[in-house]
Every structure is written in C-alpha cells, then in structure tokens.
Amino acid sequence: MGITDPYVYERVSRCSEVPIQSPPGFSKLAVAFPSAAGNGSPMGDVTGVCYLPKSPGRSPLVVLVHGVGDSSTVPCHGLARSLVRAGIASFVIYLPIHSRRLPAGMKERFYQLTIEEWFELYRVSVINIRQALDWAETRADIDSSRMGVAGISFGGYVTGIALGVDDRLKSGAMLLACGNLEKVGFTRSTRRIPRWDVSREFYRASQKSYLDYIDEVDKLGLEQVVPPKSSYSFDPYTFASKIRRKRVFLTNALWDEYFPREAAGEFLEACGCPPHLWLPSGHATAWLFYPLIAKNVLKLFKGSFFDKLSTS
C-alpha cells in the first residue's frame, strides 16, 4: 500500500464451534475465535453464526457484516437464510461496534468518538472479516476459492475496504454505504454524528489532495503510491481501483442522511459503475425495500459463484 498496512495481522488457530438448533435444510454453528487486531485492542473475541447448506459438495461462502446498532444484524440473518437456501454458506459476523464487543467507555460516547477511534473500529472490523475467511479455509465443506462479502451501512463501508485488501474476496455487496470519508463527513445532513467542522476552503483543498492521490493510484497502482495522509487507508474510495475488478453490487438511498447522494454517485463511478440500486428513501427507511435488496444480493452471489462464465 506504500505505507505500513494497518490490516496486516497474524493468523490465529484457536476457535470454537458449537452447533445451533436449525430448521431442516441447513445447519448453523456458533463460531468464536480471538481477534487478531493486536495493538492491545479491548474489543473482545470475534463471534458469529455460520449458516451451512446440507447439500453435497463444498459450498461458497459470504461474510455478512452488520452496521451500527444491534438490530442491524436482523437483515444479515435474513440474507443468510436466503443465501443458504440457494446453496451458499453465510457467516454473520459480530463486529466491534456490536454491544457484546464495544468497550463500555466507547458505548457511553459512541456518537462523539474521535476520528482515531473510528479508524480503529474500521481496522479491527476489516481484520475480523479477514479472520472469518481464514476460518472458512479450515472447513472441508466450504470452497474457499469462492468467497464474498456483503455489508450494511458501517458494515458496507468496511466491506469496501475488505474487498480492496483481500484478494480471496471475489465479489461483494455494499449496501447503504460509499467511500470518500471527507466528503461524507462534510456533506452529511444527520445531526446524530458531528459533521467534519472545517472551512469550505480547507475542505476543497483537502479533497483536491485526496483525489490527486486517487488519480496517481489509478495510473501506478495502489502499492506504488505513498498516501499523503495515513487516513486514506481507512477509506473505501482509496480501493476503488481494486473494487472495480471484482463482481460487486451497490445500493444507496436518494435521501440518505449519513451517506449523501452526491458522494454515493461519485463512488459508484469510481468503482466502474457496477450494478446499482437507488432507493427512494432515507438511510433507515431503505429497509422498507428489503425484498428488493435481498433479491439483488442473491442475484449477485449466485451469478458470482455459479455462473460458468463468471469463474472462467
């Protein structure tokens, strides 16, 4: 990446797997393993639920990544059930922003976290997603040559980074998220998270520096360009040149308070204009369109994993 890679980690071999009661047609495992994030991270062990088809042979896998708020795991489990019925295993991972892992001090001031604390949440989340892939590689019933990731909101944001840093991920869905953190922070309308409080002149100069860096990355390759700021490593937009080489699907809301339309549109273009869905909604109300979102996510991964042309 041209700088010290914040997503480098040492694999861990210790894990636990406990069967969970499940309906006929698929099985479920509760999985846990130590986080490899390092840096004295207090964010606890990684836990998740894996949905496994009972079909013969090795199944592809999708890691499903939730957003802020424990309730955002609900659509992840819904997607997992749809995928497993289509013969695709799913790992619903619990990120460090989930209440079972987020340190008490961060819970108390969640919407006033420093930018450095957000970067640490991104870093740990991406490493934990990669660890889920490590775990999948140990399973005889999972085909680790066919793995993807889908994330919602915060989970969609770190999904974009994971797609950029891990070549094992062949496809991905970014739902209600986009890149260019500076633009998102400066233009979002929500009052829940403070906007990036800088002058318009400073913002424009900073954007020029970032987009000049992106142009160099497009010309020379990500690994050949040293970013002017370490923060660039925590932005999916930085990895757009890698994302557009993969099979992806994006969903955004026209009136999203967290990921504004203009930023989402520019990110879509940077990713090569892959299949995309604009929803006539805000951020939370986008889930009124869950059946449509799920249909497109299922289409993405069935095409990525089972179409002969997509794997040739």
# chains A, B, ... in the order shown; residues from 1 in each chain; ligands from 1
$ residues_around --residues "Val225 (chain A)" --least-positions-apart "5" --cutoff "12 Å" --atoms "only C-alpha atoms" --output "list of chain:residue names"
A:Met1, A:Gly2, A:Ile3, A:Asp212, A:Tyr213, A:Ile214, A:Asp215, A:Glu216, A:Val217, A:Asp218, A:Lys219, A:Leu220, A:Tyr232, A:Ser233, A:Thr238
$ write_last_selection --atoms "C-alpha atoms" --output "short mmCIF file (atom, residue, chain, number, x, y, z; two decimals), in the first residue's frame"
data_model
loop_
_atom_site.label_atom_id
_atom_site.label_comp_id
_atom_site.auth_asym_id
_atom_site.auth_seq_id
_atom_site.Cartn_x
_atom_site.Cartn_y
_atom_site.Cartn_z
CA MET A 1 0.00 0.00 0.00
CA GLY A 2 3.01 2.31 0.07
CA ILE A 3 2.76 2.72 3.87
CA ASP A 212 -4.96 13.76 -6.90
CA TYR A 213 -3.74 10.79 -4.87
CA ILE A 214 -6.54 8.62 -6.27
CA ASP A 215 -5.54 9.64 -9.81
CA GLU A 216 -1.97 8.52 -9.11
CA VAL A 217 -3.22 5.23 -7.69
CA ASP A 218 -5.25 4.67 -10.87
CA LYS A 219 -2.17 5.29 -13.00
CA LEU A 220 0.52 3.49 -11.00
CA TYR A 232 -6.53 7.41 3.29
CA SER A 233 -6.00 3.75 4.23
CA THR A 238 -8.90 4.50 -1.89
#
$ closest_atom_pairs --of "region 69-164 of chain A" --to "region 291-300 of chain A" --cutoff "9 Å" --atoms "only C-alpha atoms" --output "Markdown table"
| residue | atom | partner | partner_atom | distance |
| --- | --- | --- | --- | --- |
| A:Pro75 | CA | A:Ala294 | CA | 8.9 |
| A:Gly78 | CA | A:Ala294 | CA | 8.5 |
| A:Leu79 | CA | A:Ala294 | CA | 6.4 |
| A:Ser82 | CA | A:Leu298 | CA | 7.4 |
| A:Leu83 | CA | A:Leu298 | CA | 6.4 |
| A:Ala86 | CA | A:Leu298 | CA | 8.2 |
| A:Ala150 | CA | A:Val297 | CA | 8.1 |
$ closest_residue --among "A:Tyr94, A:Tyr203, A:Phe154, A:Phe26" --to "Pro236 (chain A)" --atoms "only C-alpha atoms"
A:Phe154
$ residues_around --residues "Ile129 (chain A)" --least-positions-apart "2" --cutoff "12 Å" --atoms "only C-alpha atoms" --output "ChimeraX atom specification"
/A:7,9,33,35-37,46-48,62-66,91-96,122-127,131-136,147-151,155-156,158-163,165-166,168-169
$ write_last_selection --atoms "N, CA and C atoms" --output "compact mmCIF listing (two decimals), in the first residue's frame"
# COMPACT_ATOMS: atom_id res chain seq x y z
N TYR A 7 -3.88 -3.35 8.05
CA TYR A 7 -4.71 -4.55 8.05
C TYR A 7 -3.88 -5.84 8.07
N TYR A 9 -2.01 -8.80 9.93
CA TYR A 9 -2.26 -9.46 11.21
C TYR A 9 -1.66 -10.86 11.17
N PHE A 33 -13.56 -16.92 17.86
CA PHE A 33 -12.10 -17.02 17.84
C PHE A 33 -11.52 -15.68 18.31
N SER A 35 -9.69 -12.20 18.45
CA SER A 35 -9.40 -11.17 17.46
C SER A 35 -7.89 -11.04 17.29
N ALA A 36 -7.46 -10.92 16.04
CA ALA A 36 -6.03 -10.79 15.73
C ALA A 36 -5.64 -9.33 15.52
N ALA A 37 -6.49 -8.40 15.97
CA ALA A 37 -6.25 -6.98 15.68
C ALA A 37 -5.01 -6.43 16.35
N VAL A 46 -13.91 -12.46 18.46
CA VAL A 46 -14.81 -12.41 17.31
C VAL A 46 -15.83 -13.54 17.46
N THR A 47 -17.09 -13.21 17.30
CA THR A 47 -18.13 -14.23 17.32
C THR A 47 -18.99 -14.10 16.07
N GLY A 48 -19.67 -15.16 15.74
CA GLY A 48 -20.54 -15.13 14.57
C GLY A 48 -21.37 -16.39 14.48
N VAL A 62 -20.38 -16.39 1.95
CA VAL A 62 -20.49 -14.93 2.03
C VAL A 62 -20.41 -14.52 3.49
N VAL A 63 -19.53 -13.57 3.80
CA VAL A 63 -19.49 -12.97 5.14
C VAL A 63 -20.47 -11.80 5.14
N LEU A 64 -21.38 -11.80 6.11
CA LEU A 64 -22.41 -10.76 6.21
C LEU A 64 -22.07 -9.84 7.38
N VAL A 65 -22.02 -8.54 7.09
CA VAL A 65 -21.43 -7.56 8.01
C VAL A 65 -22.47 -6.50 8.39
N HIS A 66 -22.80 -6.43 9.66
CA HIS A 66 -23.87 -5.52 10.12
C HIS A 66 -23.37 -4.09 10.28
N PHE A 91 -21.61 -16.40 6.84
CA PHE A 91 -21.06 -16.17 8.17
C PHE A 91 -21.50 -14.78 8.63
N VAL A 92 -22.46 -14.73 9.56
CA VAL A 92 -22.90 -13.45 10.12
C VAL A 92 -21.93 -13.10 11.25
N ILE A 93 -21.10 -12.10 11.01
CA ILE A 93 -20.05 -11.75 11.96
C ILE A 93 -20.51 -10.60 12.85
N TYR A 94 -20.11 -10.65 14.12
CA TYR A 94 -20.42 -9.57 15.06
C TYR A 94 -19.19 -8.69 15.20
N LEU A 95 -19.33 -7.45 14.74
CA LEU A 95 -18.21 -6.51 14.69
C LEU A 95 -17.96 -5.87 16.05
N PRO A 96 -16.85 -5.14 16.19
CA PRO A 96 -16.58 -4.46 17.46
C PRO A 96 -17.56 -3.33 17.78
N TYR A 122 -12.70 0.66 12.20
CA TYR A 122 -12.58 0.19 10.82
C TYR A 122 -11.50 -0.88 10.73
N ARG A 123 -10.35 -0.60 11.32
CA ARG A 123 -9.19 -1.51 11.22
C ARG A 123 -9.54 -2.88 11.81
N VAL A 124 -10.07 -2.88 13.03
CA VAL A 124 -10.40 -4.14 13.70
C VAL A 124 -11.47 -4.89 12.91
N SER A 125 -12.45 -4.17 12.40
CA SER A 125 -13.54 -4.82 11.65
C SER A 125 -13.02 -5.51 10.40
N VAL A 126 -12.15 -4.82 9.65
CA VAL A 126 -11.60 -5.42 8.42
C VAL A 126 -10.77 -6.65 8.75
N ILE A 127 -9.94 -6.56 9.77
CA ILE A 127 -9.13 -7.72 10.17
C ILE A 127 -10.04 -8.88 10.58
N GLN A 131 -10.35 -12.65 9.17
CA GLN A 131 -10.24 -13.84 10.01
C GLN A 131 -11.37 -14.82 9.74
N ALA A 132 -12.56 -14.29 9.42
CA ALA A 132 -13.66 -15.19 9.05
C ALA A 132 -13.31 -15.99 7.80
N LEU A 133 -12.59 -15.36 6.88
CA LEU A 133 -12.13 -16.07 5.68
C LEU A 133 -11.09 -17.13 6.06
N ASP A 134 -10.21 -16.79 7.01
CA ASP A 134 -9.23 -17.77 7.50
C ASP A 134 -9.95 -19.00 8.04
N TRP A 135 -10.98 -18.74 8.86
CA TRP A 135 -11.74 -19.85 9.45
C TRP A 135 -12.37 -20.69 8.34
N ALA A 136 -12.94 -20.04 7.34
CA ALA A 136 -13.58 -20.77 6.25
C ALA A 136 -12.60 -21.68 5.53
N MET A 147 -15.48 -16.96 -2.33
CA MET A 147 -15.91 -16.26 -1.12
C MET A 147 -16.23 -14.81 -1.45
N GLY A 148 -17.23 -14.28 -0.77
CA GLY A 148 -17.64 -12.90 -0.96
C GLY A 148 -18.02 -12.26 0.36
N VAL A 149 -18.44 -11.01 0.29
CA VAL A 149 -18.78 -10.25 1.50
C VAL A 149 -19.91 -9.28 1.16
N ALA A 150 -20.80 -9.08 2.12
CA ALA A 150 -21.87 -8.10 1.96
C ALA A 150 -22.03 -7.36 3.28
N GLY A 151 -22.12 -6.03 3.21
CA GLY A 151 -22.21 -5.25 4.43
C GLY A 151 -23.24 -4.14 4.34
N GLY A 155 -21.12 -1.54 8.08
CA GLY A 155 -20.64 -2.80 7.54
C GLY A 155 -20.35 -2.73 6.06
N GLY A 156 -21.14 -1.93 5.33
CA GLY A 156 -20.87 -1.73 3.90
C GLY A 156 -19.59 -0.96 3.68
N VAL A 158 -16.85 -0.91 5.67
CA VAL A 158 -15.68 -1.76 5.87
C VAL A 158 -15.64 -2.90 4.86
N THR A 159 -16.81 -3.26 4.30
CA THR A 159 -16.83 -4.23 3.20
C THR A 159 -16.03 -3.72 2.02
N GLY A 160 -16.17 -2.43 1.70
CA GLY A 160 -15.40 -1.85 0.60
C GLY A 160 -13.91 -1.94 0.82
N ILE A 161 -13.49 -1.68 2.06
CA ILE A 161 -12.06 -1.78 2.37
C ILE A 161 -11.60 -3.23 2.26
N ALA A 162 -12.40 -4.16 2.82
CA ALA A 162 -12.03 -5.58 2.77
C ALA A 162 -11.90 -6.06 1.33
N LEU A 163 -12.80 -5.63 0.46
CA LEU A 163 -12.70 -6.00 -0.96
C LEU A 163 -11.39 -5.51 -1.57
N VAL A 165 -8.46 -5.00 0.12
CA VAL A 165 -7.22 -5.51 0.72
C VAL A 165 -7.09 -7.02 0.69
N ASP A 166 -8.19 -7.74 0.43
CA ASP A 166 -8.11 -9.21 0.48
C ASP A 166 -8.55 -9.82 -0.85
N ARG A 168 -8.90 -12.82 -1.62
CA ARG A 168 -9.74 -14.01 -1.51
C ARG A 168 -11.21 -13.67 -1.74
N LEU A 169 -11.56 -12.41 -1.56
CA LEU A 169 -12.93 -11.97 -1.79
C LEU A 169 -13.14 -11.72 -3.28
$ residues_around --residues "Ile97 (chain A)" --least-positions-apart "5" --cutoff "9 Å" --atoms "only C-alpha atoms" --output "mmCIF file with C-alpha atoms, in the first residue's frame"
data_model
loop_
_atom_site.group_PDB
_atom_site.id
_atom_site.type_symbol
_atom_site.label_atom_id
_atom_site.label_comp_id
_atom_site.auth_asym_id
_atom_site.auth_seq_id
_atom_site.Cartn_x
_atom_site.Cartn_y
_atom_site.Cartn_z
ATOM 1 C CA MET A 43 -12.783 -5.218 21.695
ATOM 2 C CA GLY A 67 -23.988 -1.787 10.751
ATOM 3 C CA VAL A 68 -24.338 0.403 13.830
ATOM 4 C CA GLY A 69 -26.968 -0.851 16.261
ATOM 5 C CA ASP A 70 -27.530 -4.474 17.204
ATOM 6 C CA LEU A 102 -17.804 -2.482 22.143
ATOM 7 C CA PRO A 103 -15.851 -1.309 25.228
ATOM 8 C CA LYS A 107 -20.567 2.885 24.299
ATOM 9 C CA LEU A 121 -13.080 0.371 14.598
ATOM 10 C CA SER A 125 -13.537 -4.815 11.648
#
$ select_by_dssp --residues "region 35-270 of chain A" --states "helix (DSSP H, G or I)" --output "ChimeraX atom specification"
/A:70-85,104-108,110-112,115-137,154-165,181-187,200-220,222-224,230-234,236-243,261-270
$ residues_around --residues "Asp197 (chain A)" --least-positions-apart "2" --cutoff "12 Å" --atoms "only C-alpha atoms" --output "list of chain:residue names"
A:Glu182, A:Lys183, A:Gly185, A:Phe186, A:Thr187, A:Arg188, A:Ile193, A:Pro194, A:Arg195, A:Ser199, A:Arg200, A:Glu201, A:Phe202, A:Tyr203
$ write_last_selection --atoms "N, CA and C atoms" --output "compact mmCIF listing (two decimals), in the first residue's frame"
# COMPACT_ATOMS: atom_id res chain seq x y z
N GLU A 182 -14.02 12.11 3.70
CA GLU A 182 -14.02 13.57 3.87
C GLU A 182 -15.32 14.17 3.35
N LYS A 183 -15.71 13.77 2.15
CA LYS A 183 -16.94 14.32 1.56
C LYS A 183 -18.17 13.90 2.35
N GLY A 185 -18.28 13.15 5.51
CA GLY A 185 -18.28 13.86 6.78
C GLY A 185 -18.64 15.33 6.66
N PHE A 186 -18.30 15.93 5.53
CA PHE A 186 -18.54 17.37 5.34
C PHE A 186 -19.96 17.65 4.87
N THR A 187 -20.57 16.72 4.14
CA THR A 187 -21.86 17.00 3.49
C THR A 187 -23.04 16.25 4.10
N ARG A 188 -22.85 15.31 5.00
CA ARG A 188 -23.99 14.57 5.53
C ARG A 188 -24.91 15.50 6.33
N ILE A 193 -24.30 12.34 14.19
CA ILE A 193 -22.84 12.31 14.16
C ILE A 193 -22.36 13.69 13.72
N PRO A 194 -21.46 14.32 14.47
CA PRO A 194 -20.99 15.66 14.11
C PRO A 194 -20.38 15.69 12.71
N ARG A 195 -20.68 16.74 11.96
CA ARG A 195 -20.07 16.92 10.65
C ARG A 195 -18.61 17.29 10.81
N SER A 199 -13.43 24.74 7.33
CA SER A 199 -13.91 25.73 6.37
C SER A 199 -14.08 25.09 5.00
N ARG A 200 -14.91 25.70 4.17
CA ARG A 200 -15.11 25.20 2.81
C ARG A 200 -13.81 25.23 2.02
N GLU A 201 -12.99 26.25 2.26
CA GLU A 201 -11.71 26.35 1.56
C GLU A 201 -10.79 25.19 1.94
N PHE A 202 -10.74 24.88 3.24
CA PHE A 202 -9.91 23.77 3.70
C PHE A 202 -10.42 22.45 3.11
N TYR A 203 -11.74 22.29 3.12
CA TYR A 203 -12.35 21.07 2.58
C TYR A 203 -11.99 20.89 1.11
$ residues_around --residues "Phe289 (chain A)" --least-positions-apart "6" --cutoff "10 Å" --atoms "only C-alpha atoms" --output "NGL selection string"
:A and (279-281)
$ select_by_dssp --residues "region 97-266 of chain A" --states "strand (DSSP E or B)" --output "PyMOL selection string"
chain A and resi 142-152+169-175+247-253
$ residues_around --residues "region 259-275 of chain A" --least-positions-apart "2" --cutoff "7 Å" --atoms "only C-alpha atoms" --output "PyMOL selection string"
chain A and resi 177-180+183-184+187-188+237+240-241+243-244+248-250+252+254-257
$ write_last_selection --atoms "N, CA and C atoms" --output "PDB file, in the first residue's frame"
ATOM      1  N   ALA A 177     -23.902   2.488   1.778  1.00  0.00           N
ATOM      2  CA  ALA A 177     -22.583   2.993   2.160  1.00  0.00           C
ATOM      3  C   ALA A 177     -21.863   3.463   0.911  1.00  0.00           C
ATOM      4  N   CYS A 178     -20.797   4.222   1.103  1.00  0.00           N
ATOM      5  CA  CYS A 178     -19.950   4.647  -0.009  1.00  0.00           C
ATOM      6  C   CYS A 178     -18.614   5.098   0.558  1.00  0.00           C
ATOM      7  N   GLY A 179     -17.712   5.500  -0.327  1.00  0.00           N
ATOM      8  CA  GLY A 179     -16.413   5.983   0.098  1.00  0.00           C
ATOM      9  C   GLY A 179     -16.297   7.495  -0.005  1.00  0.00           C
ATOM     10  N   ASN A 180     -15.077   7.986   0.211  1.00  0.00           N
ATOM     11  CA  ASN A 180     -14.715   9.405   0.314  1.00  0.00           C
ATOM     12  C   ASN A 180     -15.210   9.956   1.645  1.00  0.00           C
ATOM     13  N   LYS A 183     -15.714  13.771   2.154  1.00  0.00           N
ATOM     14  CA  LYS A 183     -16.939  14.320   1.558  1.00  0.00           C
ATOM     15  C   LYS A 183     -18.166  13.898   2.350  1.00  0.00           C
ATOM     16  N   VAL A 184     -18.197  12.639   2.746  1.00  0.00           N
ATOM     17  CA  VAL A 184     -19.315  12.144   3.549  1.00  0.00           C
ATOM     18  C   VAL A 184     -19.417  12.947   4.847  1.00  0.00           C
ATOM     19  N   THR A 187     -20.568  16.719   4.137  1.00  0.00           N
ATOM     20  CA  THR A 187     -21.857  16.996   3.493  1.00  0.00           C
ATOM     21  C   THR A 187     -23.044  16.254   4.100  1.00  0.00           C
ATOM     22  N   ARG A 188     -22.848  15.313   4.996  1.00  0.00           N
ATOM     23  CA  ARG A 188     -23.989  14.573   5.531  1.00  0.00           C
ATOM     24  C   ARG A 188     -24.911  15.502   6.329  1.00  0.00           C
ATOM     25  N   TYR A 237     -12.938   4.454  -0.893  1.00  0.00           N
ATOM     26  CA  TYR A 237     -12.652   5.124  -2.161  1.00  0.00           C
ATOM     27  C   TYR A 237     -11.205   4.886  -2.582  1.00  0.00           C
ATOM     28  N   ALA A 240     -11.000   1.839  -4.751  1.00  0.00           N
ATOM     29  CA  ALA A 240     -11.944   1.732  -5.873  1.00  0.00           C
ATOM     30  C   ALA A 240     -11.328   1.037  -7.080  1.00  0.00           C
ATOM     31  N   SER A 241     -10.031   1.260  -7.326  1.00  0.00           N
ATOM     32  CA  SER A 241      -9.383   0.635  -8.485  1.00  0.00           C
ATOM     33  C   SER A 241      -9.347  -0.884  -8.351  1.00  0.00           C
ATOM     34  N   ILE A 243     -11.729  -2.550  -6.298  1.00  0.00           N
ATOM     35  CA  ILE A 243     -13.132  -2.951  -6.227  1.00  0.00           C
ATOM     36  C   ILE A 243     -13.706  -3.145  -7.624  1.00  0.00           C
ATOM     37  N   ARG A 244     -13.345  -2.275  -8.558  1.00  0.00           N
ATOM     38  CA  ARG A 244     -13.953  -2.366  -9.893  1.00  0.00           C
ATOM     39  C   ARG A 244     -13.472  -3.570 -10.693  1.00  0.00           C
ATOM     40  N   VAL A 248     -19.412  -6.748  -8.125  1.00  0.00           N
ATOM     41  CA  VAL A 248     -19.992  -6.072  -6.974  1.00  0.00           C
ATOM     42  C   VAL A 248     -21.385  -5.531  -7.295  1.00  0.00           C
ATOM     43  N   PHE A 249     -22.109  -5.244  -6.222  1.00  0.00           N
ATOM     44  CA  PHE A 249     -23.427  -4.619  -6.302  1.00  0.00           C
ATOM     45  C   PHE A 249     -23.512  -3.567  -5.207  1.00  0.00           C
ATOM     46  N   LEU A 250     -24.034  -2.395  -5.548  1.00  0.00           N
ATOM     47  CA  LEU A 250     -24.168  -1.300  -4.593  1.00  0.00           C
ATOM     48  C   LEU A 250     -25.626  -0.866  -4.492  1.00  0.00           C
ATOM     49  N   ASN A 252     -27.886   2.389  -2.651  1.00  0.00           N
ATOM     50  CA  ASN A 252     -27.865   3.642  -1.894  1.00  0.00           C
ATOM     51  C   ASN A 252     -29.259   4.245  -1.841  1.00  0.00           C
ATOM     52  N   LEU A 254     -31.648   7.666  -1.918  1.00  0.00           N
ATOM     53  CA  LEU A 254     -31.615   9.000  -2.527  1.00  0.00           C
ATOM     54  C   LEU A 254     -31.512  10.113  -1.489  1.00  0.00           C
ATOM     55  N   TRP A 255     -32.108   9.890  -0.318  1.00  0.00           N
ATOM     56  CA  TRP A 255     -32.106  10.935   0.713  1.00  0.00           C
ATOM     57  C   TRP A 255     -31.416  10.427   1.979  1.00  0.00           C
ATOM     58  N   ASP A 256     -30.275   9.793   1.781  1.00  0.00           N
ATOM     59  CA  ASP A 256     -29.508   9.226   2.896  1.00  0.00           C
ATOM     60  C   ASP A 256     -28.872  10.344   3.715  1.00  0.00           C
ATOM     61  N   GLU A 257     -29.120  10.354   5.015  1.00  0.00           N
ATOM     62  CA  GLU A 257     -28.584  11.376   5.899  1.00  0.00           C
ATOM     63  C   GLU A 257     -27.127  11.123   6.269  1.00  0.00           C
TER      64      GLU A 257
END
$ closest_residue --among "A:Gly57, A:Tyr51, A:Tyr210, A:Ser304" --to "His77 (chain A)" --atoms "only C-alpha atoms"
A:Tyr51
$ closest_residue --among "A:Asp167, A:Glu137, A:Glu120, A:Asp235" --to "Pro60 (chain A)" --atoms "only C-alpha atoms"
A:Glu137
$ atom_distance --atom1 "CA of Arg191 (chain A)" --atom2 "CA of Leu277 (chain A)"
25.6 Å
$ decode --residues "region 110-131 of chain A" --atoms "C-alpha atoms" --output "PDB file, in the first residue's frame"
ATOM      1  CA  PHE A 110     -20.489   6.458  20.763  1.00  0.00           C
ATOM      2  CA  TYR A 111     -21.604   9.416  18.652  1.00  0.00           C
ATOM      3  CA  GLN A 112     -18.772  11.557  19.996  1.00  0.00           C
ATOM      4  CA  LEU A 113     -15.931   9.147  19.222  1.00  0.00           C
ATOM      5  CA  THR A 114     -12.713  10.663  17.903  1.00  0.00           C
ATOM      6  CA  ILE A 115     -11.704  10.084  14.298  1.00  0.00           C
ATOM      7  CA  GLU A 116      -8.823   7.941  15.573  1.00  0.00           C
ATOM      8  CA  GLU A 117     -11.303   5.718  17.426  1.00  0.00           C
ATOM      9  CA  TRP A 118     -13.402   5.352  14.274  1.00  0.00           C
ATOM     10  CA  PHE A 119     -10.271   4.400  12.334  1.00  0.00           C
ATOM     11  CA  GLU A 120      -9.542   1.737  14.953  1.00  0.00           C
ATOM     12  CA  LEU A 121     -13.080   0.371  14.598  1.00  0.00           C
ATOM     13  CA  TYR A 122     -12.580   0.190  10.821  1.00  0.00           C
ATOM     14  CA  ARG A 123      -9.195  -1.513  11.225  1.00  0.00           C
ATOM     15  CA  VAL A 124     -10.395  -4.139  13.695  1.00  0.00           C
ATOM     16  CA  SER A 125     -13.537  -4.815  11.648  1.00  0.00           C
ATOM     17  CA  VAL A 126     -11.604  -5.422   8.423  1.00  0.00           C
ATOM     18  CA  ILE A 127      -9.134  -7.724  10.172  1.00  0.00           C
ATOM     19  CA  ASN A 128     -12.002  -9.664  11.756  1.00  0.00           C
ATOM     20  CA  ILE A 129     -13.677 -10.092   8.346  1.00  0.00           C
ATOM     21  CA  ARG A 130     -10.403 -11.477   7.026  1.00  0.00           C
ATOM     22  CA  GLN A 131     -10.235 -13.840  10.008  1.00  0.00           C
TER      23      GLN A 131
END
